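Undergrad: Got a structure for you, written out below as structure tokens; questions coming shortly.
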Amino acid sequence: MGPHWAFYNVSIYRKFTGEPMQKAAVKATHMSGPIRIAFPDGSMREFPSGVTGLEIAESISASLAKAAVALDVDGTLTDLTRPLTQDCAIKIVRRDDEAALELIRHDAAHVMAEAVQQLYPGTQVTIGPSIENGFYYDFARETPFSSEDLEKIEQRMHEIVDRGETFTCEVWDRKEAIAFFEEKGEVYKAELITDLPESETITVYRQGEWLDLCRGPHLPTTKHVGHAFKLMNVAGAYWRGDSSRAMLTRIYGTAWRNEKELQAYLTMLEEAEKRDHRKLGREMDLYHFQEEAQGSCFWHPKGYTIYLALEAYIRRRLRDAGYVEVKTPQLIDNKLWVASGHWGKFRENMFVVPDEVPNTEDEGPVISGEANLMALKPMNCPAHIQIFNQGIKSYRDLPIRMAEFGCCHRNEAHGALHGLMRVRQMTQDDAHIFCREDQITQEVKAFVELFYACYRDFGFEEIQIKLATRPEVRAGSDEVWDRAEKAMADALEVLGLPFEYAPGDGAFYGPKYEFHLKDAIGRSWQCGTCQLDFVLPERLGATYIGEDGAKHRPVMIHRAILGTLERFIGLFIENCAGKLPLWLASVQCVVATITSDADGYARQVHDALRAAGIRAELDLRNEKINYKVREHSVQKVPAMFVVGKREAEERTVAIRRLGEQAQNVVGLDKAIGDLALECQPPY
């Protein structure tokens, strides 16, 4: 059995070894008494207290020990060399396991930071976490990095990986750690340590001669990072996300378990760039964004046609599902937001304006104080309760399903804005269901069925559901949360839908479903939601008269199918690369002439299409037909009716479909009838 490494009192270690603090690796000895280790297959074995994951792997097989890179202890990843001192359940993580990806990416960030400081002395390293699909590190450097710099850094990273330096954990004294980093000129690291709670153990990980402040865990060596990584781009980032602090340089990278995964990801990025909804929006003349209205979309006629068609589809679905539609104010006094709890939780994301009152001396408006502030609504729920509270409601009236295409505003950070995907002005296909507690399961079940029916109409079949449960900071008692979480789980079990829990990710007022869907190139998106709320009705005084004649609180179900129309349109445009289904396309057919001799007939065809309810345009320009076809293909027009002298004489049209080379000559009446059927919405 090899030596064991653990967190140990550094001053005691130095007393007996005389080693400098920054070189004192943390050692421990076996503690007395055996511990019981549970394995994934359900088996249980006893080991001496202080045994490490590596030793457990070695006791099973030499091949497992060679493949192991980390240990999952009761659901938390740890170093293989960490000693175990109490009963626990473990999983030995191999490098090719999904769980190893986070470690590969985190270690790649450390390797990148070492490469940067080797190549560019004087550069300070700040924070460098793993993120979805990769990692980044923020650096303090006067001169920004260039693309040529990234190539050099990446090459040096490969060299560091090849050296196979061991990752070693060291525990440092807080004051000495601060002094060490300040002496090195690493003021950002010193600040991080200073701001850590006094109870926090200060740990540093060393790879060869280079070290970094880090909680860990890490792979055994830099060699385990592998070579399936790539540095992607450089961006600016404020220190700790605070715009009043220093601007740092952030380098993004991606890292994977093998070259095949890396290439698949890079190919997906190339495809995603081609499908970028901002690029397609310009090409298809749908919408644009500009500096004077950051985070808000300028919808062009074609784009707004798509918007209205989408809204009409959802409106039909809601009508037939028993919803009533309402409209509530945009600007609401902050007193309502204080009462609902949103003022305390969401104030910094709200656009707030002073409530101006008339000046009796006719010297302009007088701005009142903090108590009379108004806010643009960031969500619709408090306003819907105001409608519910008008008049007396009986238990027989429930459920009441109240829908609104509510325009909301949220003060998203400038750096977070991203086309239609992250906006400041948005319209939600929002609704709130007011029901009795015994109606929860049925109402949630009905919504999930409606949700799936809608997404099938858009071609999305692969949908994952997560049940997000109570967060650490929340409103309501544990008893209420127990009932709410059980009701949400029961509804999915009745439907026979698989789901997984997302512990702690619920809203502050109740548990929720997160619907994650995969698009055509494998990306995951979260759009719709369903949230159970026992809290807001109580805060805002919502009641109904029960069968017993007493007042009761309704349960409130917050739910949205598309989420926001803006984001869904952006997502859907990217999913289908702009080739929208006929029923949703802004222009469903273009009538284009080959020669001017057919202009009169083309006008007749265009008028007949419009009369059949088809969104059609007429192209009589004096251009070659191939030019017209290319131009309308770029704009992703699904169908073209091409007409010339022969088609005019025979009352036919040559039909060209988007993406197809062949054309089909069909009689005019049949062509219009067939196309009209295809243009019908799915519901």
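Letters A, B, ... go to the chains of the structure tokens in the order shown; residues in each chain start at 1; ligands are counted from 1 in the same order.
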Per DSSP on the backbone, filter range 420-660 of chain A down to the residues in strand (DSSP E or B) and report them as an MDAnalysis selection string.
TA: chainID A and resid 422 425:435 463:468 500:502 507 510 512:518 524:533 544:545 551:552 555:564 589:593 616:619 639:643 652:657
Undergrad: Show me a table, sorted first by chain and then by increasing residue number, of the residues of range 360-467 of chain A having an atom at most 10 Å from range 560-582 of chain A, each with its shortest atom pair and the distance in Å to one decimal, counting only C-alpha atoms and written as CSV.
TA:
residue,atom,partner,partner_atom,distance
A:Ala403,CA,A:Ala560,CA,9.3
A:Phe405,CA,A:Leu565,CA,9.0
A:Gly406,CA,A:Thr564,CA,9.4
A:Cys407,CA,A:Thr564,CA,9.3
A:Cys408,CA,A:Thr564,CA,9.6
A:His418,CA,A:Arg567,CA,9.8
A:Gly419,CA,A:Gly570,CA,7.9
A:Leu420,CA,A:Arg567,CA,5.1
A:Met421,CA,A:Arg567,CA,4.5
A:Arg422,CA,A:Arg567,CA,7.1
A:Val423,CA,A:Glu566,CA,8.1
A:Gln425,CA,A:Glu566,CA,9.0
A:Met426,CA,A:Thr564,CA,6.2
A:Thr427,CA,A:Thr564,CA,5.4
A:Gln428,CA,A:Thr564,CA,4.2
A:Asp429,CA,A:Ala560,CA,5.7
A:Asp430,CA,A:Ala560,CA,4.9
A:Ala431,CA,A:Ala560,CA,6.3
A:His432,CA,A:Ala560,CA,8.7
A:Phe447,CA,A:Ile561,CA,8.7
A:Val448,CA,A:Ile561,CA,9.1
A:Leu450,CA,A:Ile561,CA,8.3
A:Phe451,CA,A:Ile561,CA,5.7
A:Tyr452,CA,A:Ile561,CA,9.0
A:Cys454,CA,A:Ile561,CA,7.8
A:Tyr455,CA,A:Ile561,CA,8.6
A:Phe458,CA,A:Phe572,CA,8.2
A:Gly459,CA,A:Cys576,CA,9.7
A:Phe460,CA,A:Asn575,CA,9.6
Undergrad: I need the residues from that last selection saved to file as a CSV table (one decimal), in the first residue's frame (with C-alpha atoms), if you can.
TA:
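again-v8.csv written:
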chain,number,residue,atom,x,y,z
A,403,ALA,CA,-53.2,33.4,-20.5
A,405,PHE,CA,-49.0,37.2,-24.5
A,406,GLY,CA,-47.3,39.5,-22.1
A,407,CYS,CA,-44.6,42.0,-23.1
A,408,CYS,CA,-42.0,42.0,-20.4
A,418,HIS,CA,-27.4,37.7,-27.9
A,419,GLY,CA,-29.8,38.4,-30.7
A,420,LEU,CA,-33.2,36.9,-30.1
A,421,MET,CA,-31.8,34.4,-27.6
A,422,ARG,CA,-31.2,36.9,-24.8
A,423,VAL,CA,-33.2,40.1,-25.0
A,425,GLN,CA,-37.9,43.2,-24.3
A,426,MET,CA,-39.7,39.9,-24.7
A,427,THR,CA,-43.2,38.5,-25.2
A,428,GLN,CA,-44.0,35.4,-23.2
A,429,ASP,CA,-46.7,32.9,-24.1
A,430,ASP,CA,-47.4,33.0,-20.4
A,431,ALA,CA,-50.3,31.6,-18.4
A,432,HIS,CA,-51.3,31.0,-14.8
A,447,PHE,CA,-50.2,21.0,-19.4
A,448,VAL,CA,-47.4,18.5,-20.1
A,450,LEU,CA,-50.2,20.2,-24.3
A,451,PHE,CA,-46.5,21.0,-24.2
A,452,TYR,CA,-45.6,17.8,-26.0
A,454,CYS,CA,-47.0,21.6,-29.5
A,455,TYR,CA,-43.4,20.6,-29.7
A,458,PHE,CA,-42.5,21.8,-34.6
A,459,GLY,CA,-40.6,18.6,-35.1
A,460,PHE,CA,-39.0,18.3,-31.7
Undergrad: CA of Met112 in chain A and CA of Ile153 in chain A are how many Å apart?
TA: 7.0 Å
Undergrad: Report, in Å to a single decimal, how far apart CA of Ala383 in chain A and CA of Phe351 in chain A are.
TA: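 So the answer is 16.6 Å.
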Undergrad: Give the answer as one residue: which of A:Arg347, A:Lys184, A:Arg424, A:Lys393 has the shortest atom-to-atom distance to Cys297 in chain A, using only C-alpha atoms?
TA: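 Answer, going by the shortest atom-to-atom distance: A:Arg424.
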Undergrad: Please report the interatomic distance between CA of Ala592 in chain A and CA of Gln680 in chain A in Å with one decimal.
TA: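 Between CA of Ala592 in chain A and CA of Gln680 in chain A the gap works out to 22.9 Å.
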Undergrad: Using only C-alpha atoms, which protein or nucleic acid residues come within 12 Å of Glu291 in chain A? Drop anything in the same chain fewer than 6 positions from it, and give the result as number ranges by chain.
TA: A: 297-298, 414, 417
